[in-house]
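> First, the structure itself, so that you have it in front of you.
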Amino acid sequence: MADIIQPRLLKGFRDFLPHAEMERAALLEKLTATFRSFGFVPIDTPALEYAEILLGKAGGETEKQVYRFNDNGGRDVALRFDLTVPFARFMAEHYGELYLPFKRYHMAKVWRGENTQRGRYREFMQCDFDIVGVDTAVADFDILATIASAMRALGVQGSKIHVSHRGVFNRFLDRAGIGEKSVETLRIVDKLSKIGAEETRRQLSELVGVGIADEVLEFIRPGDGFSATLDRITRIAGGSNPDSDRLAELFGMADSCGLADSIVLAPSITRGLDYYTGVVFETFLDAVPDIGSVCSGGRYNDLASLYTKQRLPGVGASVGLDRLLAALETTQAGSKPAGYVKFVIVNLDSALAGEYQAAAAEMRAAGIACEVFPETRKLVSQYAYSEQKGASFAVVRGVTEKERGVWILRDLASRSNTEYASLEALISAAASEPRPVGDTTAP
RNA sequence: GUGGAUGUAGCUCAGCGGUAGAGUCCCAGAAUGUGGAUCUGGUUGUCGCGGGUUCGAACCCCGUCAUCCACCCCA
């Protein structure tokens, strides 16, 4: 007798049971529809690439997190840790075959060997969308509008996109004479909402001195409105400049589209990553702000400079699918998604197997998802199965019903039966049934 | 990577040196083809895994794996 191998999973890697995977799939479908409605096209790239390609610009932190090994041919390879670096390689590789501006979306798994936590895993899904080849306010706004649209499509009650501009911040830093400490300053500032104003002030004072720390705090102070805040940071940064103008343009477009309320100018958000050069943004849900940003991104000057001499400016964002799922779970607790199948054809007699299959075929032809229970089992068990599958109805027909010439439609939620003289009558009656599917929340 | 907490039935948890338990769920029957109340009976298990101490370990010790929390960083 062979020893049983203990079934187990690697730290930070997960299985998805049908219920969870159906929720995830539903989310991806909504995002896909949104991206397509804005003109983004899909691409895919390999999970595994030459380590040299993926790690080209990576700093110490990233490098430690990358899954890297030698393949059987001795090649130095690594699993992708985000979708942006492979995208850069992709653009350089296919530059001649593509048109600009290029708008793509890419939803795929990435891997990072970092320590796990709630909502943070070693294998997780990223949903990126970018516009490369242009550096305009229109492109920036397109990304913001896509985010807002996606949030609406996902059924999020309320969300705010916090926007800022790296350029304006850098002007301010240069003016304050701490340009060379920009990276450290940005890192501290980025934590404002987490550690509070006092702690931010203390850390900043340590880095640049009390006077300048106060200036920084004044710069990042939450404002009273987009325009007022923009005026203030522009003044502190030394007056009118193209970056402030870009922000004003963005807000103008948002206002025209009725999105002014969804967008907040938040000078304290700067994004940790240093490759952003223009607007940066993070998206927070009104209901669960403490879960963090569910969609972040920004503008970068040069996407693919490591792989090509072509200059490719771009702007894009990434939806944190797992975090978003966690957030939606807290706001829509207890909701059970409808099953894929609406009908289960109960199997009462193996002599009627052909009839069951014919009925199923007819229903599918009518556009109704259904399945035949695959063995004769007692009714209780078949009803329970049907409910597990999220079906609304069971179709019951045994020898007695056949003799009587009837089809029984059982409403699984109300547990009531209705008889029909023909399958066609049953189908049309069920098709006009207004009751929403999957309503199992009632006590 | 650093520090802390936790792993017992499918689920929620109790037990903390002396025969593994409760609730729930599930199964069977009272109702021989129609699931929800009630009653009766029944099954739940490598006590995360591997060592050690002990007459005896779910319990104490060491290691290990996993989860959660904080730091770090990020999606």
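Here, A, B, ... name the chains of the structure tokens in the order displayed, residue numbers run from 1 inside each chain, and ligands are numbered from 1 in the same displayed order.
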With DSSP run on the backbone, what are the strand (DSSP E or B) residues within region 188-306 of chain A? I'd like them as a PyMOL selection string.
chain A and resi 263-265+279-285+295-300
> Taking only C-alpha atoms (C1' of nucleotides) into account, report as an MDAnalysis selection string which residues of chain B lie within 9 Å of chain A.
chainID B and resid 1 33:35 65:69 73:75
> Considering only C-alpha atoms (C1' of nucleotides), return as a PyMOL selection string whatever protein or nucleic-acid residues lie within 12 Å of U43 (chain B), sequence-local ones (same chain, fewer than 3 positions apart) excluded.
chain B and resi 9+25-28
> I need the chosen residues saved as a short mmCIF file (atom, residue, chain, number, x, y, z; two decimals), in the first residue's frame, with N, CA, C and O atoms (P, O5', C5', C4', C3', O3' and C1' of nucleotides).

```cif
data_model
loop_
_atom_site.label_atom_id
_atom_site.label_comp_id
_atom_site.auth_asym_id
_atom_site.auth_seq_id
_atom_site.Cartn_x
_atom_site.Cartn_y
_atom_site.Cartn_z
P A B 9 -10.74 19.77 14.30
"O5'" A B 9 -11.76 18.56 14.38
"C5'" A B 9 -11.55 17.40 13.56
"C4'" A B 9 -12.90 16.85 13.11
"C3'" A B 9 -13.77 17.87 12.38
"O3'" A B 9 -14.33 17.29 11.21
"C1'" A B 9 -14.94 16.92 14.21
P C B 25 -28.16 22.29 12.34
"O5'" C B 25 -27.07 21.68 11.34
"C5'" C B 25 -26.51 22.50 10.31
"C4'" C B 25 -25.40 21.76 9.61
"C3'" C B 25 -25.80 20.41 9.03
"O3'" C B 25 -26.39 20.55 7.75
"C1'" C B 25 -23.78 20.17 10.24
P C B 26 -27.53 19.51 7.31
"O5'" C B 26 -26.74 18.14 7.16
"C5'" C B 26 -25.68 18.01 6.20
"C4'" C B 26 -24.97 16.70 6.40
"C3'" C B 26 -25.87 15.48 6.45
"O3'" C B 26 -26.21 15.04 5.14
"C1'" C B 26 -24.35 15.38 8.25
P C B 27 -27.67 14.40 4.90
"O5'" C B 27 -27.50 12.94 5.54
"C5'" C B 27 -26.58 12.01 4.97
"C4'" C B 27 -26.57 10.75 5.80
"C3'" C B 27 -27.94 10.15 6.08
"O3'" C B 27 -28.42 9.38 5.01
"C1'" C B 27 -26.67 10.21 8.08
P A B 28 -30.03 9.28 4.80
"O5'" A B 28 -30.45 8.27 5.95
"C5'" A B 28 -30.01 6.91 5.92
"C4'" A B 28 -30.50 6.19 7.15
"C3'" A B 28 -32.00 6.31 7.42
"O3'" A B 28 -32.74 5.38 6.65
"C1'" A B 28 -30.80 6.70 9.42
#
```
> Please give the complete set of residues from region 302-333 of chain A that DSSP, run on the backbone, assigns to alpha helix (DSSP H), formatted as a list in words.
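Reading the DSSP output for region 302-333 of chain A, alpha helix (DSSP H) covers Leu321, Asp322, Arg323, Leu324, Leu325, Ala326, Ala327, Leu328, Glu329, Thr330 and Thr331 of chain A.
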> Keeping only all heavy atoms, write the selected residues as a short mmCIF file (atom, residue, chain, number, x, y, z; two decimals), in the first residue's frame.

```cif
data_model
loop_
_atom_site.label_atom_id
_atom_site.label_comp_id
_atom_site.auth_asym_id
_atom_site.auth_seq_id
_atom_site.Cartn_x
_atom_site.Cartn_y
_atom_site.Cartn_z
N LEU A 321 -6.97 43.15 -6.95
CA LEU A 321 -8.18 42.33 -6.96
C LEU A 321 -8.46 41.67 -5.61
O LEU A 321 -9.59 41.65 -5.15
CB LEU A 321 -8.05 41.25 -8.04
CG LEU A 321 -9.37 40.59 -8.38
CD1 LEU A 321 -10.23 41.49 -9.23
CD2 LEU A 321 -9.16 39.26 -9.05
N ASP A 322 -7.42 41.16 -4.97
CA ASP A 322 -7.62 40.45 -3.70
C ASP A 322 -8.05 41.40 -2.60
O ASP A 322 -8.90 41.09 -1.78
CB ASP A 322 -6.34 39.71 -3.32
CG ASP A 322 -6.00 38.65 -4.35
OD1 ASP A 322 -6.66 37.61 -4.33
OD2 ASP A 322 -5.11 38.90 -5.17
N ARG A 323 -7.45 42.57 -2.59
CA ARG A 323 -7.83 43.57 -1.60
C ARG A 323 -9.25 44.04 -1.84
O ARG A 323 -10.04 44.21 -0.91
CB ARG A 323 -6.86 44.75 -1.70
CG ARG A 323 -6.97 45.72 -0.56
CD ARG A 323 -5.92 46.78 -0.66
NE ARG A 323 -4.65 46.37 -0.10
CZ ARG A 323 -3.60 47.18 0.01
NH1 ARG A 323 -3.68 48.42 -0.42
NH2 ARG A 323 -2.48 46.76 0.53
N LEU A 324 -9.58 44.22 -3.11
CA LEU A 324 -10.93 44.65 -3.48
C LEU A 324 -11.95 43.60 -3.06
O LEU A 324 -13.01 43.92 -2.52
CB LEU A 324 -10.98 44.85 -5.00
CG LEU A 324 -12.18 45.56 -5.58
CD1 LEU A 324 -12.35 46.93 -4.94
CD2 LEU A 324 -12.01 45.72 -7.08
N LEU A 325 -11.62 42.34 -3.28
CA LEU A 325 -12.50 41.25 -2.87
C LEU A 325 -12.72 41.28 -1.36
O LEU A 325 -13.85 41.16 -0.88
CB LEU A 325 -11.89 39.90 -3.25
CG LEU A 325 -12.36 39.29 -4.56
CD1 LEU A 325 -11.53 38.06 -4.89
CD2 LEU A 325 -13.82 38.92 -4.47
N ALA A 326 -11.64 41.48 -0.62
CA ALA A 326 -11.74 41.56 0.83
C ALA A 326 -12.64 42.72 1.24
O ALA A 326 -13.48 42.60 2.13
CB ALA A 326 -10.35 41.71 1.45
N ALA A 327 -12.49 43.84 0.56
CA ALA A 327 -13.29 45.02 0.87
C ALA A 327 -14.76 44.78 0.55
O ALA A 327 -15.64 45.11 1.35
CB ALA A 327 -12.78 46.23 0.08
N LEU A 328 -15.03 44.19 -0.60
CA LEU A 328 -16.41 43.96 -0.99
C LEU A 328 -17.08 42.95 -0.06
O LEU A 328 -18.27 43.03 0.18
CB LEU A 328 -16.47 43.45 -2.44
CG LEU A 328 -16.09 44.49 -3.49
CD1 LEU A 328 -16.11 43.88 -4.89
CD2 LEU A 328 -17.02 45.70 -3.44
N GLU A 329 -16.29 42.03 0.46
CA GLU A 329 -16.85 41.06 1.39
C GLU A 329 -17.36 41.74 2.66
O GLU A 329 -18.40 41.36 3.19
CB GLU A 329 -15.80 40.01 1.77
CG GLU A 329 -15.92 38.74 0.95
CD GLU A 329 -14.70 37.87 1.06
OE1 GLU A 329 -14.07 37.87 2.14
OE2 GLU A 329 -14.35 37.21 0.06
N THR A 330 -16.64 42.75 3.12
CA THR A 330 -17.08 43.42 4.34
C THR A 330 -18.31 44.29 4.09
O THR A 330 -19.13 44.48 4.98
CB THR A 330 -15.97 44.31 4.94
OG1 THR A 330 -15.69 45.37 4.03
CG2 THR A 330 -14.72 43.51 5.20
N THR A 331 -18.47 44.81 2.86
CA THR A 331 -19.62 45.68 2.60
C THR A 331 -20.84 44.89 2.15
O THR A 331 -21.96 45.30 2.39
CB THR A 331 -19.29 46.74 1.53
OG1 THR A 331 -18.80 46.06 0.36
CG2 THR A 331 -18.25 47.69 2.02
#
```
> Considering only C-alpha atoms (C1' of nucleotides), can you say which of B:G10, B:G23, B:C72, B:G15 comes closest to U44 (chain B)?
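Smallest separation from U44 (chain B) among the options: B:G10.
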> Looking at only C-alpha atoms (C1' of nucleotides), which of A:Gly74, A:Pro7, A:Leu259, A:Glu419 is the one that sits closest to G48 (chain B)?
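For G48 (chain B), the nearest of the given residues is A:Pro7.
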> Could you pull the residues within 12 Å of Arg201 (chain A), counting only C-alpha atoms (C1' of nucleotides), minus those fewer than 5 positions along the same chain, as number ranges by chain?
A: 185, 188-189, 191-192, 195-196, 206-218, 220-221
> Can you tell me which residues surround Pro86 (chain A) at a distance of at most 9 Å, considering only C-alpha atoms (C1' of nucleotides), apart from same-chain residues fewer than 6 positions away, and format the answer as a PDB file with all heavy atoms, in the first residue's frame?

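Once everything was written out, this is selection.pdb:
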```
ATOM      1  N   THR A  45       1.399  37.860 -21.377  1.00  0.00           N
ATOM      2  CA  THR A  45       2.838  37.608 -21.485  1.00  0.00           C
ATOM      3  C   THR A  45       3.132  36.365 -20.639  1.00  0.00           C
ATOM      4  O   THR A  45       2.318  35.978 -19.816  1.00  0.00           O
ATOM      5  CB  THR A  45       3.671  38.793 -20.949  1.00  0.00           C
ATOM      6  OG1 THR A  45       3.455  38.922 -19.550  1.00  0.00           O
ATOM      7  CG2 THR A  45       3.311  40.102 -21.641  1.00  0.00           C
ATOM      8  N   PRO A  46       4.308  35.761 -20.826  1.00  0.00           N
ATOM      9  CA  PRO A  46       4.628  34.542 -20.067  1.00  0.00           C
ATOM     10  C   PRO A  46       4.819  34.822 -18.578  1.00  0.00           C
ATOM     11  O   PRO A  46       5.243  35.919 -18.198  1.00  0.00           O
ATOM     12  CB  PRO A  46       5.945  34.069 -20.679  1.00  0.00           C
ATOM     13  CG  PRO A  46       6.093  34.806 -21.962  1.00  0.00           C
ATOM     14  CD  PRO A  46       5.375  36.095 -21.788  1.00  0.00           C
ATOM     15  N   GLU A  49      10.245  34.473 -17.213  1.00  0.00           N
ATOM     16  CA  GLU A  49      11.103  35.170 -18.166  1.00  0.00           C
ATOM     17  C   GLU A  49      12.550  35.097 -17.688  1.00  0.00           C
ATOM     18  O   GLU A  49      12.824  34.695 -16.552  1.00  0.00           O
ATOM     19  CB  GLU A  49      10.686  36.650 -18.277  1.00  0.00           C
ATOM     20  CG  GLU A  49       9.248  36.860 -18.733  1.00  0.00           C
ATOM     21  CD  GLU A  49       9.109  38.046 -19.675  1.00  0.00           C
ATOM     22  OE1 GLU A  49      10.087  38.381 -20.377  1.00  0.00           O
ATOM     23  OE2 GLU A  49       8.021  38.649 -19.690  1.00  0.00           O
ATOM     24  N   ILE A  53      15.891  40.152 -17.661  1.00  0.00           N
ATOM     25  CA  ILE A  53      14.831  41.032 -18.162  1.00  0.00           C
ATOM     26  C   ILE A  53      14.004  41.587 -17.009  1.00  0.00           C
ATOM     27  O   ILE A  53      13.779  42.792 -16.896  1.00  0.00           O
ATOM     28  CB  ILE A  53      13.881  40.247 -19.096  1.00  0.00           C
ATOM     29  CG1 ILE A  53      14.638  39.705 -20.304  1.00  0.00           C
ATOM     30  CG2 ILE A  53      12.672  41.069 -19.467  1.00  0.00           C
ATOM     31  CD1 ILE A  53      14.657  40.597 -21.501  1.00  0.00           C
ATOM     32  N   LEU A  54      13.548  40.697 -16.148  1.00  0.00           N
ATOM     33  CA  LEU A  54      12.636  41.125 -15.085  1.00  0.00           C
ATOM     34  C   LEU A  54      13.341  41.960 -14.022  1.00  0.00           C
ATOM     35  O   LEU A  54      12.725  42.816 -13.399  1.00  0.00           O
ATOM     36  CB  LEU A  54      11.982  39.894 -14.425  1.00  0.00           C
ATOM     37  CG  LEU A  54      11.044  39.087 -15.313  1.00  0.00           C
ATOM     38  CD1 LEU A  54      10.445  37.929 -14.540  1.00  0.00           C
ATOM     39  CD2 LEU A  54       9.932  39.972 -15.872  1.00  0.00           C
ATOM     40  N   ARG A  80       7.377  36.450 -13.027  1.00  0.00           N
ATOM     41  CA  ARG A  80       7.074  37.893 -13.038  1.00  0.00           C
ATOM     42  C   ARG A  80       6.516  38.308 -11.686  1.00  0.00           C
ATOM     43  O   ARG A  80       5.725  37.578 -11.074  1.00  0.00           O
ATOM     44  CB  ARG A  80       6.096  38.224 -14.155  1.00  0.00           C
ATOM     45  CG  ARG A  80       4.743  37.583 -13.967  1.00  0.00           C
ATOM     46  CD  ARG A  80       3.774  37.956 -15.072  1.00  0.00           C
ATOM     47  NE  ARG A  80       2.553  37.177 -14.913  1.00  0.00           N
ATOM     48  CZ  ARG A  80       1.851  36.662 -15.907  1.00  0.00           C
ATOM     49  NH1 ARG A  80       2.222  36.850 -17.151  1.00  0.00           N
ATOM     50  NH2 ARG A  80       0.752  35.965 -15.659  1.00  0.00           N
TER      51      ARG A  80
END
```
> For CA of Ile269 (chain A) and CA of Val163 (chain A), determine how far apart the two atoms are, in Å to one decimal place.
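Atom-to-atom, CA of Ile269 (chain A) to CA of Val163 (chain A), that is 7.3 Å.
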> Mind giving me the straight-line distance from CA of Asp135 (chain A) to CA of Pro313 (chain A) in Å, one decimal?
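Going from CA of Asp135 (chain A) over to CA of Pro313 (chain A), I get 6.0 Å.
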> So what do you get for CA of Lys389 (chain A) versus CA of Arg14 (chain A), distance-wise?
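Between these atoms lies a distance of 22.3 Å.
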